[in-house]
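A.B. asks: Here you go, one structure.
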Number of protein chains: 2
Amino acid sequence: MKQYKILFFIGDGLGDRPVKKLSGKTPLEYADKPNIRELLKSAIIGLMDPISPGVVPGSDTSHLSMFGLDPHIYYRGRGAFEAIGAGARLESGDVAFRGNFATVSNDLVVIDRRAGRKIEEAEELVKELNEKIREIDGVKVRFYHATEHRVAVVLSGKGLGDKVSDTDPHEVNKKVLESKPLDSSPESLFTANIVNKLTKRIYEVLSSSEINKKRISEGKLPANIILMRGAAKYIELPRFESYTKLKAAAVSATALIKGICEQIGMRVVTPPGATGGLDTNYLGKADAAAELLKEYDFVFLHLKATDAASHDGNIDGKVYAIQKIDEMIGRILDKFGSELVIGITGDHTTPVEVKEHAGDPVPFLLYVPYSIITDNVNDFNEREARKGSLRIKGLDVLNILLNYSNRAEKYGA
Amino acid sequence: MKQYKILFFIGDGLGDRPVKKLSGKTPLEYADKPNIRELLKSAIIGLMDPISPGVVPGSDTSHLSMFGLDPHIYYRGRGAFEAIGAGARLESGDVAFRGNFATVSNDLVVIDRRAGRKIEEAEELVKELNEKIREIDGVKVRFYHATEHRVAVVLSGKGLGDKVSDTDPHEVNKKVLESKPLDSSPESLFTANIVNKLTKRIYEVLSSSEINKKRISEGKLPANIILMRGAAKYIELPRFESYTKLKAAAVSATALIKGICEQIGMRVVTPPGATGGLDTNYLGKADAAAELLKEYDFVFLHLKATDAASHDGNIDGKVYAIQKIDEMIGRILDKFGSELVIGITGDHTTPVEVKEHAGDPVPFLLYVPYSIITDNVNDFNEREARKGSLRIKGLDVLNILLNYSNRAEKYGA
């Protein structure tokens, strides 16, 4: 029984609804996709609900599902995955926050939630924080720089909880909030206390930092606080290889997705020029995937551009990105060949006229390199997918890929 | 509201994929099925995922699902069901192993994993073991003979666990393995210990048995050890009649399936000549089912031949067995009449070109003896089933049979 390699391609936010400007077609219907249409000769298609029908997925919960991990068990908030994406090594029980360098007045009223956004000295500031704040009341504290004004803050120690409120008021001209316990557990009370003491210490360190004094002298806003949000207790995820027996690699440029992939033990590659935007290096990512397919059993290829265009309401951009996906598929088939199982779908629908995630099902395509009963459809899009034989959930995706690549383990005897 | 009797027919491993030799048809598409086609005039069809999409089912987990019992709750491994099939009466907490009579050297290196396979004295050897080994460290031990070299070993007592490794090295020229705990629980450690002491005792008893001395003098391999594998803690299954209110009977020749049916309290019948192979007594099984339908509300008819042919890669054999299924249906309709609800499906797909179970959905047919909105398909097979209205899981099967036979209890008010 021949085992095939697996390419799993996610166009982030791929799904859509009829778009007026496209005469009622969706971007996926409108886009020209010769390579994907060719796959339909040996494919089944259908609709996939990333979580369950109508539930609006985040990219994180959807990816966990599609990697076979029930987000109702493993998802505790975005903070932990972003911290890992920013380079943190977390252990079970750690609590991570997403944070912004921001500018506050002397009485802690927020002047700019991003301290100007581009903060060249962010790495140095994080270094200074890590040197000067090592612990609060026995709880270890670490800071990580992500991109621009974004940081991750990680607490390690006994008795921490993630049911605490944000210090980020999410608006300017408001005072930095006190973190409050969101339930009556001792963990929440203890953690909220730590967060409030930590916030004061951060302000003390940053407001007296030479770096900020220099910024002020240069007419820049001082990055004199970190606004914290999204407390998330880290639960160690199972390793992908341990529950699938597959050597897996991922190609992605998005911190959140990279964080999840790293956490489940995939090798993660971000090729030069891969940006997470419409200007990304599409063919560079395809080439990286084709190369990884030689060595790995399972290659996950993630493209953010479709979602970026959707959030911006950029209809032409979304069509462009989808046509680029088709080019990427063609490139991989050219470079690696068609002797592999291919799954193509989105992690959720982001209707380009809505500009936000939606809970609609997403079209799913499964190509196999052998004879299969096909669904006799002419194209791969939201409309044709309704005629297909698949009607699955995100948690089914990995099982289907394993089954049709002849790599599944039998459940029972 | 008239309540109908239910015939539930499983062709083991019935589902398939397009087969080259059959011009891209599946065996079910290729086979001539006049009686089943006739049923389509008052039937709905569709696809059934025995566990969930893509999951490769064992026959045991699939049958549990179709009988309405979630295998994620009730399935603990094949050993317990096989022991019951071999005549064991198990209680919750018992740990059962599948075992082979085997031949080992003085230093416990395996010479033949089946001691020649046909062991005429197997019943006597089991009797001797039961007389001489009644307990190990307070744990009760029982031995049961299944068929040929196959035995079941059952441990009863407090504090047993099933997370222990096999003593069967699964290869000749290897030493009998020490059973090891597979987790850090005291139950696992305790049980592995018992298994290792038991293995030594079995060797002592069998190697000094007069029966084996006689076998050696006749030039036969002595059956001087039992290789144990597949530890499974028994969880008592609910009785079918208690949760369905149906008097149920099963016709099967397969130990694993018979074990499950007996455990849920079905009457189990194996007609003369029923073998579990392609040479089985097809019409004898049909006659038995027709007869049982007079007395029972629910008759389960299991045919192994389709799966046996699939595992052997015997394409013609699979087509033949399917045509025999059609004959069996015709025979039951002749003998009992068509005033009954009939479900026909497979417990999983075993593609005859793959020769192993697969996680593809299986076609499902539901015939009812009254007017129903049919699916307007011309045949019952994997391709036509995609056009049908049913898209169900194994756990839905029993509910559907109960509903359309007007035997379901309302859930709620």
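Going by the structure tokens order, chains are called A, B, ..., each with residues numbered from 1, while ligands are numbered from 1 in the order shown.
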Just need chain B moved onto chain A: least-squares over all Cα atoms matched in order, then output as a CSV table (one decimal) with C-alpha atoms, in the first residue's frame.

C.D. replies:
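The resulting superposed26.csv:
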chain,number,residue,atom,x,y,z
B,1,MET,CA,0.3,0.3,-0.1
B,2,LYS,CA,2.1,3.4,-1.2
B,3,GLN,CA,2.3,6.2,1.2
B,4,TYR,CA,2.1,9.6,-0.3
B,5,LYS,CA,3.4,12.9,0.9
B,6,ILE,CA,0.9,15.5,1.9
B,7,LEU,CA,0.7,19.2,0.9
B,8,PHE,CA,-1.9,21.1,2.9
B,9,PHE,CA,-2.6,24.5,1.6
B,10,ILE,CA,-4.5,27.1,3.5
B,11,GLY,CA,-5.7,30.4,1.9
B,12,ASP,CA,-6.4,32.3,5.1
B,13,GLY,CA,-10.0,33.7,5.0
B,14,LEU,CA,-10.5,32.1,1.5
B,15,GLY,CA,-14.2,31.5,1.7
B,16,ASP,CA,-16.6,34.3,0.6
B,17,ARG,CA,-20.1,35.2,-0.3
B,18,PRO,CA,-21.5,36.4,-3.6
B,19,VAL,CA,-19.9,39.8,-4.4
B,20,LYS,CA,-21.9,42.5,-6.3
B,21,LYS,CA,-18.9,43.8,-8.1
B,22,LEU,CA,-18.2,40.3,-9.4
B,23,SER,CA,-21.8,40.0,-10.8
B,24,GLY,CA,-22.8,37.8,-7.8
B,25,LYS,CA,-19.8,35.5,-8.1
B,26,THR,CA,-17.5,34.9,-5.1
B,27,PRO,CA,-13.8,35.8,-5.6
B,28,LEU,CA,-13.0,32.0,-5.8
B,29,GLU,CA,-15.6,31.6,-8.5
B,30,TYR,CA,-14.4,34.6,-10.4
B,31,ALA,CA,-10.7,33.9,-10.2
B,32,ASP,CA,-9.0,32.0,-13.0
B,33,LYS,CA,-7.5,28.8,-11.6
B,34,PRO,CA,-6.2,26.5,-14.4
B,35,ASN,CA,-3.9,24.4,-12.1
B,36,ILE,CA,-6.5,23.8,-9.5
B,37,ARG,CA,-9.2,23.0,-12.1
B,38,GLU,CA,-6.7,20.4,-13.5
B,39,LEU,CA,-6.6,18.8,-10.0
B,40,LEU,CA,-10.3,18.3,-10.1
B,41,LYS,CA,-9.8,15.4,-12.5
B,42,SER,CA,-8.7,13.3,-9.5
B,43,ALA,CA,-10.3,15.0,-6.6
B,44,ILE,CA,-13.2,15.2,-4.3
B,45,ILE,CA,-14.6,18.5,-3.0
B,46,GLY,CA,-17.1,19.7,-0.5
B,47,LEU,CA,-17.7,22.0,2.4
B,48,MET,CA,-15.9,22.2,5.7
B,49,ASP,CA,-17.0,23.9,8.9
B,50,PRO,CA,-13.8,24.8,10.7
B,51,ILE,CA,-15.3,24.5,14.1
B,52,SER,CA,-19.0,23.6,13.6
B,53,PRO,CA,-21.8,25.0,11.5
B,54,GLY,CA,-22.3,28.7,12.1
B,55,VAL,CA,-19.4,29.2,14.6
B,56,VAL,CA,-17.2,32.0,13.5
B,57,PRO,CA,-13.6,30.7,13.7
B,58,GLY,CA,-10.5,32.6,14.6
B,59,SER,CA,-7.4,31.6,12.6
B,60,ASP,CA,-6.0,30.0,15.7
B,61,THR,CA,-9.0,27.8,16.7
B,62,SER,CA,-9.4,26.8,13.1
B,63,HIS,CA,-5.8,25.8,12.6
B,64,LEU,CA,-5.8,23.8,15.8
B,65,SER,CA,-8.9,21.9,14.6
B,66,MET,CA,-7.4,21.2,11.2
B,67,PHE,CA,-4.2,19.9,12.8
B,68,GLY,CA,-6.4,17.5,14.8
B,69,LEU,CA,-6.5,19.3,18.1
B,70,ASP,CA,-9.9,20.2,19.6
B,71,PRO,CA,-9.7,23.9,20.4
B,72,HIS,CA,-12.3,23.4,23.1
B,73,ILE,CA,-9.6,21.5,24.9
B,74,TYR,CA,-6.4,23.3,23.7
B,75,TYR,CA,-7.3,26.9,23.0
B,76,ARG,CA,-6.9,29.3,25.9
B,77,GLY,CA,-6.4,32.5,24.1
B,78,ARG,CA,-4.2,34.1,21.5
B,79,GLY,CA,-1.5,35.4,23.9
B,80,ALA,CA,0.3,32.1,24.4
B,81,PHE,CA,0.6,31.3,20.7
B,82,GLU,CA,1.8,34.8,19.9
B,83,ALA,CA,4.4,34.6,22.7
B,84,ILE,CA,5.7,31.4,21.1
B,85,GLY,CA,5.7,33.1,17.7
B,86,ALA,CA,7.9,35.8,19.3
B,87,GLY,CA,10.4,33.2,20.6
B,88,ALA,CA,9.1,32.3,24.0
B,89,ARG,CA,9.5,28.8,25.3
B,90,LEU,CA,6.5,28.2,27.4
B,91,GLU,CA,5.7,25.6,30.0
B,92,SER,CA,2.3,24.3,31.1
B,93,GLY,CA,0.9,26.7,33.7
B,94,ASP,CA,2.6,29.8,32.3
B,95,VAL,CA,0.4,32.8,31.7
B,96,ALA,CA,1.1,34.9,28.6
B,97,PHE,CA,-0.1,38.3,27.6
B,98,ARG,CA,0.0,40.2,24.4
B,99,GLY,CA,1.3,43.7,25.0
B,100,ASN,CA,2.0,47.0,23.3
B,101,PHE,CA,4.8,49.4,24.1
B,102,ALA,CA,2.8,52.6,24.6
B,103,THR,CA,3.3,56.2,25.8
B,104,VAL,CA,1.6,57.4,29.0
B,105,SER,CA,1.7,60.6,31.0
B,106,ASN,CA,3.0,60.8,34.6
B,107,ASP,CA,-0.4,59.9,35.9
B,108,LEU,CA,-0.6,56.9,33.5
B,109,VAL,CA,-3.1,58.3,31.0
B,110,VAL,CA,-2.5,56.8,27.6
B,111,ILE,CA,-1.1,59.3,25.0
B,112,ASP,CA,-0.2,56.8,22.2
B,113,ARG,CA,-1.2,53.1,22.4
B,114,ARG,CA,1.8,52.2,20.2
B,115,ALA,CA,4.4,54.8,21.2
B,116,GLY,CA,4.7,55.7,17.5
B,117,ARG,CA,4.5,52.1,16.3
B,118,LYS,CA,8.0,51.9,14.7
B,119,ILE,CA,10.3,51.5,17.8
B,120,GLU,CA,13.9,50.9,16.6
B,121,GLU,CA,15.0,50.4,20.2
B,122,ALA,CA,12.3,47.8,21.0
B,123,GLU,CA,14.9,45.0,21.3
B,124,GLU,CA,17.0,47.0,23.7
B,125,LEU,CA,14.1,48.0,25.8
B,126,VAL,CA,13.0,44.4,26.1
B,127,LYS,CA,16.6,43.5,27.1
B,128,GLU,CA,16.5,46.2,29.8
B,129,LEU,CA,13.2,45.0,31.1
B,130,ASN,CA,14.4,41.4,31.3
B,131,GLU,CA,17.5,42.5,33.2
B,132,LYS,CA,15.7,44.8,35.7
B,133,ILE,CA,12.5,42.9,36.3
B,134,ARG,CA,13.1,39.2,36.9
B,135,GLU,CA,10.3,38.4,39.3
B,136,ILE,CA,7.3,39.9,41.2
B,137,ASP,CA,6.4,38.2,44.4
B,138,GLY,CA,8.1,35.0,43.4
B,139,VAL,CA,6.5,34.9,40.0
B,140,LYS,CA,9.1,34.8,37.2
B,141,VAL,CA,8.6,37.5,34.5
B,142,ARG,CA,9.9,37.4,30.9
B,143,PHE,CA,9.5,39.9,28.0
B,144,TYR,CA,9.7,39.1,24.3
B,145,HIS,CA,9.7,41.4,21.4
B,146,ALA,CA,7.4,40.5,18.5
B,147,THR,CA,7.3,43.1,15.7
B,148,GLU,CA,7.1,47.0,15.9
B,149,HIS,CA,5.5,48.0,19.2
B,150,ARG,CA,4.3,44.4,19.9
B,151,VAL,CA,5.6,42.4,22.8
B,152,ALA,CA,4.7,39.3,24.8
B,153,VAL,CA,4.8,39.2,28.6
B,154,VAL,CA,5.1,35.7,30.2
B,155,LEU,CA,4.5,34.9,33.9
B,156,SER,CA,5.8,31.6,35.3
B,157,GLY,CA,5.1,30.2,38.7
B,158,LYS,CA,2.7,28.4,40.9
B,159,GLY,CA,-0.9,29.3,41.2
B,160,LEU,CA,-1.3,31.6,38.2
B,161,GLY,CA,-4.6,31.9,36.3
B,162,ASP,CA,-5.7,33.6,33.1
B,163,LYS,CA,-9.1,34.9,34.2
B,164,VAL,CA,-7.9,38.4,34.7
B,165,SER,CA,-8.8,41.6,32.9
B,166,ASP,CA,-6.6,43.7,30.6
B,167,THR,CA,-4.6,46.7,31.7
B,168,ASP,CA,-4.9,48.0,28.1
B,169,PRO,CA,-7.8,50.6,28.0
B,170,HIS,CA,-7.9,50.1,24.2
B,171,GLU,CA,-8.3,53.9,23.9
B,172,VAL,CA,-6.1,57.0,24.2
B,173,ASN,CA,-6.9,59.6,26.9
B,174,LYS,CA,-7.9,56.8,29.3
B,175,LYS,CA,-5.9,55.7,32.3
B,176,VAL,CA,-4.0,52.4,32.2
B,177,LEU,CA,-6.5,50.0,33.8
B,178,GLU,CA,-6.1,47.9,36.9
B,179,SER,CA,-6.2,44.2,36.1
B,180,LYS,CA,-9.1,42.6,37.9
B,181,PRO,CA,-9.9,39.0,38.7
B,182,LEU,CA,-12.7,37.8,36.4
B,183,ASP,CA,-13.8,35.0,38.7
B,184,SER,CA,-13.6,34.3,42.4
B,185,SER,CA,-10.6,31.9,42.3
B,186,PRO,CA,-7.5,32.6,44.3
B,187,GLU,CA,-5.5,32.1,41.1
B,188,SER,CA,-7.2,35.0,39.5
B,189,LEU,CA,-6.9,37.3,42.4
B,190,PHE,CA,-3.2,36.5,42.8
B,191,THR,CA,-2.5,37.0,39.1
B,192,ALA,CA,-4.3,40.3,38.8
B,193,ASN,CA,-2.2,41.5,41.7
B,194,ILE,CA,1.0,40.4,40.0
B,195,VAL,CA,-0.1,42.1,36.8
B,196,ASN,CA,-0.8,45.4,38.6
B,197,LYS,CA,2.5,45.4,40.5
B,198,LEU,CA,4.3,44.4,37.3
B,199,THR,CA,2.7,47.3,35.4
B,200,LYS,CA,4.1,49.8,38.0
B,201,ARG,CA,7.5,48.2,37.8
B,202,ILE,CA,7.5,48.4,34.0
B,203,TYR,CA,6.6,52.1,34.2
B,204,GLU,CA,9.4,52.8,36.7
B,205,VAL,CA,12.0,50.9,34.6
B,206,LEU,CA,11.0,52.3,31.2
B,207,SER,CA,10.4,55.9,32.3
B,208,SER,CA,13.9,56.1,33.8
B,209,SER,CA,15.5,54.3,30.9
B,210,GLU,CA,18.3,56.1,29.1
B,211,ILE,CA,16.8,54.8,25.8
B,212,ASN,CA,13.6,56.7,26.4
B,213,LYS,CA,15.4,59.8,27.5
B,214,LYS,CA,17.2,59.7,24.2
B,215,ARG,CA,13.9,59.2,22.3
B,216,ILE,CA,12.4,62.2,24.1
B,217,SER,CA,15.5,64.3,23.2
B,218,GLU,CA,15.0,63.3,19.6
B,219,GLY,CA,11.3,64.4,19.7
B,220,LYS,CA,10.0,60.8,19.8
B,221,LEU,CA,7.3,59.5,22.0
B,222,PRO,CA,8.8,57.5,24.9
B,223,ALA,CA,7.9,53.8,25.1
B,224,ASN,CA,7.3,54.1,28.8
B,225,ILE,CA,4.7,51.4,29.6
B,226,ILE,CA,3.5,48.0,28.3
B,227,LEU,CA,-0.3,47.7,27.9
B,228,MET,CA,-1.2,44.1,28.5
B,229,ARG,CA,-4.2,42.2,27.2
B,230,GLY,CA,-5.5,38.7,26.4
B,231,ALA,CA,-4.2,36.7,29.4
B,232,ALA,CA,-3.8,33.1,28.3
B,233,LYS,CA,-2.7,30.1,30.3
B,234,TYR,CA,-0.4,27.9,28.3
B,235,ILE,CA,-1.4,24.3,27.9
B,236,GLU,CA,1.3,22.3,26.2
B,237,LEU,CA,0.1,21.0,22.8
B,238,PRO,CA,0.8,17.5,21.7
B,239,ARG,CA,3.6,17.1,19.1
B,240,PHE,CA,2.2,16.6,15.6
B,241,GLU,CA,4.7,13.9,14.9
B,242,SER,CA,3.7,12.0,18.0
B,243,TYR,CA,0.1,11.7,17.0
B,244,THR,CA,0.5,11.4,13.2
B,245,LYS,CA,3.9,9.8,12.9
B,246,LEU,CA,4.6,12.4,10.2
B,247,LYS,CA,7.6,14.6,9.9
B,248,ALA,CA,6.0,18.0,9.3
B,249,ALA,CA,7.1,21.4,8.1
B,250,ALA,CA,5.2,24.7,7.7
B,251,VAL,CA,5.7,27.7,5.4
B,252,SER,CA,4.2,30.8,6.9
B,253,ALA,CA,4.9,34.5,7.6
B,254,THR,CA,2.2,35.0,10.2
B,255,ALA,CA,3.2,35.1,13.9
B,256,LEU,CA,0.1,33.5,15.2
B,257,ILE,CA,0.2,30.6,12.7
B,258,LYS,CA,3.9,30.2,13.1
B,259,GLY,CA,3.5,30.0,16.9
B,260,ILE,CA,1.0,27.2,16.6
B,261,CYS,CA,3.1,25.3,14.1
B,262,GLU,CA,6.2,25.6,16.3
B,263,GLN,CA,4.3,24.6,19.4
B,264,ILE,CA,3.3,21.3,17.8
B,265,GLY,CA,6.8,20.7,16.7
B,266,MET,CA,6.7,21.5,13.0
B,267,ARG,CA,9.8,23.0,11.4
B,268,VAL,CA,8.7,26.5,10.4
B,269,VAL,CA,10.1,28.3,7.4
B,270,THR,CA,9.5,31.9,6.4
B,271,PRO,CA,11.2,32.5,3.0
B,272,PRO,CA,12.7,35.9,2.2
B,273,GLY,CA,10.0,38.4,1.0
B,274,ALA,CA,7.2,36.5,2.7
B,275,THR,CA,5.2,39.3,4.4
B,276,GLY,CA,1.7,38.1,5.2
B,277,GLY,CA,0.3,40.7,2.8
B,278,LEU,CA,-0.7,41.0,-0.8
B,279,ASP,CA,2.9,41.9,-1.6
B,280,THR,CA,4.3,38.6,-0.3
B,281,ASN,CA,6.7,36.4,-2.2
B,282,TYR,CA,4.2,33.9,-3.5
B,283,LEU,CA,6.5,31.8,-5.6
B,284,GLY,CA,9.2,32.0,-2.9
B,285,LYS,CA,6.7,30.3,-0.6
B,286,ALA,CA,5.8,27.7,-3.2
B,287,ASP,CA,9.5,26.9,-3.9
B,288,ALA,CA,10.1,26.6,-0.1
B,289,ALA,CA,7.2,24.1,0.1
B,290,ALA,CA,8.3,22.1,-2.9
B,291,GLU,CA,11.8,21.9,-1.4
B,292,LEU,CA,10.4,20.8,2.0
B,293,LEU,CA,8.3,18.1,0.4
B,294,LYS,CA,11.5,16.3,-0.5
B,295,GLU,CA,12.4,15.9,3.1
B,296,TYR,CA,9.1,16.0,5.0
B,297,ASP,CA,6.0,13.9,4.9
B,298,PHE,CA,3.6,16.7,5.6
B,299,VAL,CA,4.1,20.3,4.4
B,300,PHE,CA,1.7,23.0,5.5
B,301,LEU,CA,1.6,26.1,3.3
B,302,HIS,CA,-0.1,29.1,4.7
B,303,LEU,CA,-1.0,32.2,2.7
B,304,LYS,CA,-2.3,35.2,4.6
B,305,ALA,CA,-2.8,37.5,1.5
B,306,THR,CA,-6.4,36.3,0.9
B,307,ASP,CA,-7.4,37.3,4.4
B,308,ALA,CA,-5.5,40.5,4.4
B,309,ALA,CA,-7.4,41.6,1.2
B,310,SER,CA,-10.7,40.5,2.7
B,311,HIS,CA,-10.3,42.5,5.8
B,312,ASP,CA,-9.4,45.5,3.6
B,313,GLY,CA,-12.5,45.0,1.4
B,314,ASN,CA,-10.1,44.7,-1.5
B,315,ILE,CA,-12.1,42.6,-4.0
B,316,ASP,CA,-9.5,42.8,-6.8
B,317,GLY,CA,-6.8,42.0,-4.3
B,318,LYS,CA,-8.6,38.8,-3.1
B,319,VAL,CA,-9.1,37.6,-6.7
B,320,TYR,CA,-5.4,38.4,-7.4
B,321,ALA,CA,-4.3,36.4,-4.3
B,322,ILE,CA,-6.4,33.5,-5.3
B,323,GLN,CA,-4.9,33.5,-8.8
B,324,LYS,CA,-1.5,33.5,-7.1
B,325,ILE,CA,-2.5,30.5,-5.1
B,326,ASP,CA,-3.3,28.7,-8.3
B,327,GLU,CA,0.2,29.8,-9.6
B,328,MET,CA,1.7,28.5,-6.4
B,329,ILE,CA,0.0,25.1,-6.8
B,330,GLY,CA,1.3,25.0,-10.4
B,331,ARG,CA,4.8,25.8,-9.3
B,332,ILE,CA,4.8,23.0,-6.7
B,333,LEU,CA,3.4,20.5,-9.2
B,334,ASP,CA,6.2,21.6,-11.6
B,335,LYS,CA,8.9,21.4,-9.1
B,336,PHE,CA,7.8,18.4,-7.0
B,337,GLY,CA,5.4,16.6,-9.3
B,338,SER,CA,1.9,15.4,-8.7
B,339,GLU,CA,2.7,12.3,-6.7
B,340,LEU,CA,1.2,13.7,-3.6
B,341,VAL,CA,-2.0,14.2,-1.7
B,342,ILE,CA,-3.1,17.8,-1.7
B,343,GLY,CA,-5.7,19.5,0.5
B,344,ILE,CA,-6.7,23.0,-0.3
B,345,THR,CA,-9.1,25.1,1.8
B,346,GLY,CA,-9.5,28.1,3.9
B,347,ASP,CA,-9.3,28.4,7.7
B,348,HIS,CA,-12.6,30.4,7.6
B,349,THR,CA,-14.7,32.6,5.4
B,350,THR,CA,-13.9,36.3,5.4
B,351,PRO,CA,-16.5,37.8,3.1
B,352,VAL,CA,-14.7,40.7,1.3
B,353,GLU,CA,-17.9,42.8,1.6
B,354,VAL,CA,-18.2,42.1,5.3
B,355,LYS,CA,-14.5,42.5,6.1
B,356,GLU,CA,-14.7,40.2,9.1
B,357,HIS,CA,-14.5,36.5,9.7
B,358,ALA,CA,-17.8,34.6,9.2
B,359,GLY,CA,-19.1,31.2,10.2
B,360,ASP,CA,-20.0,30.0,6.7
B,361,PRO,CA,-18.6,26.7,5.6
B,362,VAL,CA,-15.5,26.9,3.4
B,363,PRO,CA,-14.8,24.9,0.2
B,364,PHE,CA,-12.5,22.0,0.6
B,365,LEU,CA,-10.6,20.2,-2.2
B,366,LEU,CA,-8.8,16.9,-1.8
B,367,TYR,CA,-6.6,15.8,-4.7
B,368,VAL,CA,-5.2,12.3,-4.7
B,369,PRO,CA,-2.6,10.9,-7.2
B,370,TYR,CA,-4.6,7.8,-8.0
B,371,SER,CA,-8.0,6.9,-9.3
B,372,ILE,CA,-10.9,8.1,-7.1
B,373,ILE,CA,-14.6,8.6,-7.5
B,374,THR,CA,-14.7,12.3,-8.3
B,375,ASP,CA,-17.5,14.7,-7.7
B,376,ASN,CA,-17.9,15.7,-11.3
B,377,VAL,CA,-17.7,19.4,-10.7
B,378,ASN,CA,-16.2,21.9,-13.1
B,379,ASP,CA,-14.5,24.2,-10.7
B,380,PHE,CA,-13.4,24.6,-7.1
B,381,ASN,CA,-15.5,27.3,-5.3
B,382,GLU,CA,-18.2,27.8,-2.7
B,383,ARG,CA,-21.0,27.0,-5.2
B,384,GLU,CA,-19.6,23.9,-6.7
B,385,ALA,CA,-18.4,22.7,-3.3
B,386,ARG,CA,-22.1,22.3,-2.4
B,387,LYS,CA,-22.4,19.6,-5.0
B,388,GLY,CA,-19.4,17.7,-3.7
B,389,SER,CA,-19.4,14.7,-1.4
B,390,LEU,CA,-17.5,16.1,1.5
B,391,ARG,CA,-19.4,17.7,4.4
B,392,ILE,CA,-16.8,17.8,7.2
B,393,LYS,CA,-15.6,19.7,10.2
B,394,GLY,CA,-12.1,21.1,10.8
B,395,LEU,CA,-11.4,18.2,13.2
B,396,ASP,CA,-11.9,15.8,10.3
B,397,VAL,CA,-9.4,17.4,8.0
B,398,LEU,CA,-6.2,15.7,9.3
B,399,ASN,CA,-7.9,12.3,9.3
B,400,ILE,CA,-8.9,12.7,5.7
B,401,LEU,CA,-5.5,13.7,4.6
B,402,LEU,CA,-4.0,10.8,6.5
B,403,ASN,CA,-6.5,8.4,5.1
B,404,TYR,CA,-6.1,9.3,1.4
B,405,SER,CA,-2.3,9.4,1.7
B,406,ASN,CA,-2.4,5.8,3.1
B,407,ARG,CA,-0.9,7.0,6.3
B,408,ALA,CA,-3.8,6.6,8.8
B,409,GLU,CA,-3.6,4.1,11.7
B,410,LYS,CA,-6.5,1.8,12.1
B,411,TYR,CA,-8.8,2.6,15.0
B,412,GLY,CA,-9.6,-0.8,16.4
B,413,ALA,CA,-8.8,-4.2,15.0

A.B. asks: Report as number ranges by chain: the residues of stretch 141-269 of chain B with a DSSP assignment of strand (DSSP E), based on the backbone of this structure.

C.D. replies: B: 141-145, 150-156, 225-233, 248-251, 267-269

A.B. asks: Write the residues you've just listed into a file as a PDB file, in the first residue's frame, and include C-alpha atoms for each of them.

C.D. replies:
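Final output, saved to again12.pdb:
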ATOM      1  CA  VAL B 141      -6.536 -16.444  35.948  1.00  0.00           C
ATOM      2  CA  ARG B 142      -8.698 -18.177  33.318  1.00  0.00           C
ATOM      3  CA  PHE B 143      -7.875 -19.597  29.906  1.00  0.00           C
ATOM      4  CA  TYR B 144     -10.275 -20.037  26.971  1.00  0.00           C
ATOM      5  CA  HIS B 145      -9.709 -21.790  23.681  1.00  0.00           C
ATOM      6  CA  ARG B 150      -5.807 -19.021  19.468  1.00  0.00           C
ATOM      7  CA  VAL B 151      -6.644 -18.602  23.132  1.00  0.00           C
ATOM      8  CA  ALA B 152      -7.895 -15.876  25.406  1.00  0.00           C
ATOM      9  CA  VAL B 153      -6.377 -15.227  28.827  1.00  0.00           C
ATOM     10  CA  VAL B 154      -8.453 -13.385  31.409  1.00  0.00           C
ATOM     11  CA  LEU B 155      -7.238 -11.833  34.670  1.00  0.00           C
ATOM     12  CA  SER B 156      -9.763 -10.984  37.402  1.00  0.00           C
ATOM     13  CA  ILE B 225       3.906 -21.227  25.907  1.00  0.00           C
ATOM     14  CA  ILE B 226       1.138 -18.683  25.389  1.00  0.00           C
ATOM     15  CA  LEU B 227       2.237 -15.442  23.729  1.00  0.00           C
ATOM     16  CA  MET B 228      -0.018 -12.678  24.990  1.00  0.00           C
ATOM     17  CA  ARG B 229      -0.994  -9.419  23.311  1.00  0.00           C
ATOM     18  CA  GLY B 230      -3.606  -6.667  23.226  1.00  0.00           C
ATOM     19  CA  ALA B 231      -4.438  -6.236  26.922  1.00  0.00           C
ATOM     20  CA  ALA B 232      -7.966  -4.884  27.199  1.00  0.00           C
ATOM     21  CA  LYS B 233      -9.861  -3.972  30.318  1.00  0.00           C
ATOM     22  CA  ALA B 248     -32.496  -8.807  18.931  1.00  0.00           C
ATOM     23  CA  ALA B 249     -30.669 -11.676  17.284  1.00  0.00           C
ATOM     24  CA  ALA B 250     -27.523 -11.873  15.172  1.00  0.00           C
ATOM     25  CA  VAL B 251     -26.341 -14.231  12.443  1.00  0.00           C
ATOM     26  CA  ARG B 267     -29.008 -14.126  20.611  1.00  0.00           C
ATOM     27  CA  VAL B 268     -26.224 -15.229  18.272  1.00  0.00           C
ATOM     28  CA  VAL B 269     -26.698 -17.899  15.620  1.00  0.00           C
TER      29      VAL B 269
END

A.B. asks: Report the residues of stretch 233-338 of chain B whose backbone DSSP state falls under alpha helix (DSSP H), written as a ChimeraX atom specification.

C.D. replies: /B:240-244,255-263,282-295,305-311,315-336
